[in-house]
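*Asks:* Just dropping this structure here.
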Amino acid sequence: MNKIPVAVLGGTGYAGATLCELIDRHPAFELAFATARTRGELLTSDATAVPVIPVDEAPLDSARVVFSALPHGVSAHWVEKARAAGARVVDLSADLRPGSGAIGVPYGLTELARDELRGADVVANPGCYPTAVLLALAPLLRRGLIAPGATIAATAASGVTGAGASPKKELMFAEVADNYRAYGVGNAHRHVAELQAMVARHGSDADLVFTPHLLPVARGILATTIVPLAEALRDPAALWREDYGDEPFVEVASAPPSLREVVGRNVVRVHVAAASNTRRPALIVISAIDNLIKGAGGQAVQNANVMLGLDECAGLPR
C-alpha cells in the first residue's frame, strides 16, 4: 500500500512529538520529515530513520499533508508556504482560529464541522481548552438554550505539557509539584477570543469568562463550565446523548469524569448535572480530555482523516 507522505513542522515540542507518534501508527500515513531547531532524526516503530531538519530547509513539496505545530505568530507563514507547495495543512497554532482575524479557514472541532472539513485545503485545529469547553457547550448553543445576556463561567485545569516544552521557571518540578494555581486571571488568556468567537458564531449573546489552572500532572484537562439556562431542562443529559450518541470520540458519562479515564485517548468525556440551590436554572458541565491527543495531535489527525476522506478513526487511540 502506498502511504501518504506527511510532515510535522515543530516535531519536537510536546504536540509535535505526539503527532509524530500518531502518524507512525497510522495505517495510511508515512512520516516524511519533521522540523526542529537542531538537526537529528526520529526512529519509527519499524526502525526507519526520519530526518529532522530546520524549518527553513523543509522540502514542503515532498509532503501531501503538513501539520504545523510551530509557535503562535510564526505558524501562519509556513501554512501559506505549505499550501503553495501543494500540501493540505492542519495548523495547530492560534494564528488561523476564530478570534484571530483570519477569514474563511474551517475550524476543526471535528464533531461540529465535518461538512466544512471534507476536502478543505487548510484547517485551524482548536486549542486544547476550547476543545474541552466548546464540546461541553455545543448541545446548548445549537438549541439556543443559554439564557440571553448570561455569563458562562468556564474553569479548567491542565497538566504542564499544555504550556509547551520551552524551559520556564514556573514549570520546573519544584514549582509545580504539590501545588495548584490559577493563571491568565482576568479573562485575558489567549483562548478567550477563540471561545467567545465560537459562542457568538452560534448566535448567543452570552459572555464567557475563562480561568485556567495549572495541575501538578504531565497531561490532561478537566473543565467545569457553569451555564445559565433560558429555561429549566427536565433531563439535560438527554441533549448530549442525542447529539453525541453516534460520535466515536465523545463519551457522555453518568458520573463526573477524571483524567485517568481520558489520558492516552482521543476522546472527550462529558458529564452534565443541573445546579441546585440557584434562583435561576443552570447546568454544570464537566469535561475531560488529554490535552496532547484530543486537545492537539489526535484532533489534528482526526481532522486530516476527514479532509482526505479516510476513516475518521484511523490511527487514533480510543
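Ordering of the C-alpha cells sets the chain letters (A, B, ...); residue numbers start at 1 within each chain; ligands are numbered from 1 in the order shown.
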With DSSP run on the backbone, what are the strand (DSSP E) residues within region 120-240 of chain A? I'd like them as a list of chain:residue names.

*Replies:*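 Output for region 120-240 of chain A, strand (DSSP E) only: A:Val122, A:Val123, A:Ala124, A:Thr151, A:Ile152, A:Ala153, A:Ala154, A:Thr155, A:Ala156, A:Ala157, A:Ser158, A:Arg181, A:Ala182, A:Asp207, A:Leu208, A:Val209, A:Phe210, A:Thr211, A:Pro212, A:His213, A:Leu214, A:Ile221, A:Leu222, A:Ala223, A:Thr224, A:Thr225, A:Ile226, A:Val227, A:Pro228.
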
*Asks:* Near Ala253 (chain A), within 7 Å and counting only C-alpha atoms, which residues show up once chain neighbours fewer than 2 positions away are dropped, as a VMD selection string?

*Replies:* chain A and resid 251 255 to 257 269 to 271

*Asks:* List as a list of chain:residue names the protein and nucleic acid residues near region 15-32 of chain A, meaning an atom at most 6 Å away when only C-alpha atoms are counted, but skip any in the same chain fewer than 3 places from it.

*Replies:*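 Final neighbour list, sorted by chain and number: A:Lys3, A:Ile4, A:Pro5, A:Val6, A:Ala7, A:Gly10, A:Gly11, A:Thr12, A:Ala69, A:Leu292, A:Gly297, A:Gly315.
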
*Asks:* Enumerate, as number ranges by chain, the complete set of residues in region 69-243 of chain A that a backbone-based DSSP assignment places in helix (DSSP H, G or I).

*Replies:* A: 75-84, 110-117, 128-143, 160-163, 169-171, 173-176, 191-201, 237-243

*Asks:* For Pro59 (chain A), find every residue with an atom within 12 Å (counting only C-alpha atoms), except residues of its own chain fewer than 5 positions away, and show them as a compact mmCIF listing (two decimals) with N, CA, C and O atoms, in the first residue's frame.

*Replies:*
# COMPACT_ATOMS: atom_id res chain seq x y z
N PRO A 5 2.60 10.69 2.22
CA PRO A 5 3.72 11.33 2.92
C PRO A 5 3.25 12.54 3.72
O PRO A 5 2.53 13.40 3.22
N VAL A 6 3.67 12.58 4.98
CA VAL A 6 3.21 13.59 5.93
C VAL A 6 4.43 14.25 6.57
O VAL A 6 5.44 13.60 6.81
N ALA A 7 4.32 15.56 6.83
CA ALA A 7 5.38 16.29 7.52
C ALA A 7 4.82 16.95 8.77
O ALA A 7 3.65 17.35 8.80
N VAL A 8 5.67 17.08 9.78
CA VAL A 8 5.31 17.78 11.01
C VAL A 8 6.29 18.92 11.22
O VAL A 8 7.50 18.68 11.41
N LEU A 9 5.80 20.15 11.15
CA LEU A 9 6.63 21.31 11.42
C LEU A 9 6.58 21.59 12.93
O LEU A 9 5.50 21.77 13.49
N ALA A 32 7.37 11.74 6.51
CA ALA A 32 8.44 12.02 5.56
C ALA A 32 9.58 12.77 6.24
O ALA A 32 10.76 12.47 6.00
N PHE A 33 9.25 13.76 7.04
CA PHE A 33 10.26 14.51 7.79
C PHE A 33 9.55 15.32 8.87
O PHE A 33 8.33 15.51 8.85
N ALA A 34 10.34 15.79 9.82
CA ALA A 34 9.87 16.72 10.84
C ALA A 34 10.88 17.85 10.92
O ALA A 34 12.02 17.73 10.45
N THR A 35 10.46 18.97 11.48
CA THR A 35 11.39 20.08 11.63
C THR A 35 11.60 20.40 13.11
O THR A 35 10.75 20.13 13.96
N PRO A 51 14.30 12.07 8.89
CA PRO A 51 15.13 13.25 9.14
C PRO A 51 14.39 14.36 9.89
O PRO A 51 13.20 14.60 9.65
N VAL A 52 15.11 15.01 10.79
CA VAL A 52 14.64 16.19 11.49
C VAL A 52 15.55 17.34 11.06
O VAL A 52 16.77 17.27 11.26
N ILE A 53 14.95 18.37 10.46
CA ILE A 53 15.74 19.43 9.84
C ILE A 53 15.18 20.79 10.24
O ILE A 53 14.04 20.90 10.70
N PRO A 54 15.97 21.86 10.06
CA PRO A 54 15.43 23.20 10.30
C PRO A 54 14.28 23.51 9.35
O PRO A 54 14.29 23.09 8.19
N ARG A 64 2.24 15.47 1.19
CA ARG A 64 0.86 15.75 0.78
C ARG A 64 0.05 16.37 1.90
O ARG A 64 -0.93 17.06 1.67
N VAL A 66 0.66 18.45 5.69
CA VAL A 66 1.58 19.10 6.61
C VAL A 66 0.82 19.48 7.87
O VAL A 66 -0.24 20.12 7.79
N TRP A 78 4.22 29.60 7.53
CA TRP A 78 4.59 28.29 6.99
C TRP A 78 3.38 27.53 6.48
O TRP A 78 3.50 26.70 5.56
N LYS A 81 3.17 28.76 2.97
CA LYS A 81 4.20 28.15 2.13
C LYS A 81 3.87 26.69 1.82
O LYS A 81 4.08 26.23 0.68
N ALA A 82 3.35 25.98 2.79
CA ALA A 82 2.99 24.58 2.55
C ALA A 82 1.85 24.47 1.55
O ALA A 82 1.85 23.60 0.67
N ALA A 85 3.06 24.93 -1.87
CA ALA A 85 3.77 23.76 -2.35
C ALA A 85 2.82 22.61 -2.70
O ALA A 85 3.28 21.55 -3.14
N GLY A 86 1.51 22.80 -2.46
CA GLY A 86 0.53 21.80 -2.85
C GLY A 86 0.05 20.87 -1.77
O GLY A 86 -0.66 19.90 -2.04
N ALA A 87 0.41 21.15 -0.50
CA ALA A 87 0.02 20.26 0.60
C ALA A 87 -1.29 20.69 1.22
O ALA A 87 -1.65 21.88 1.20
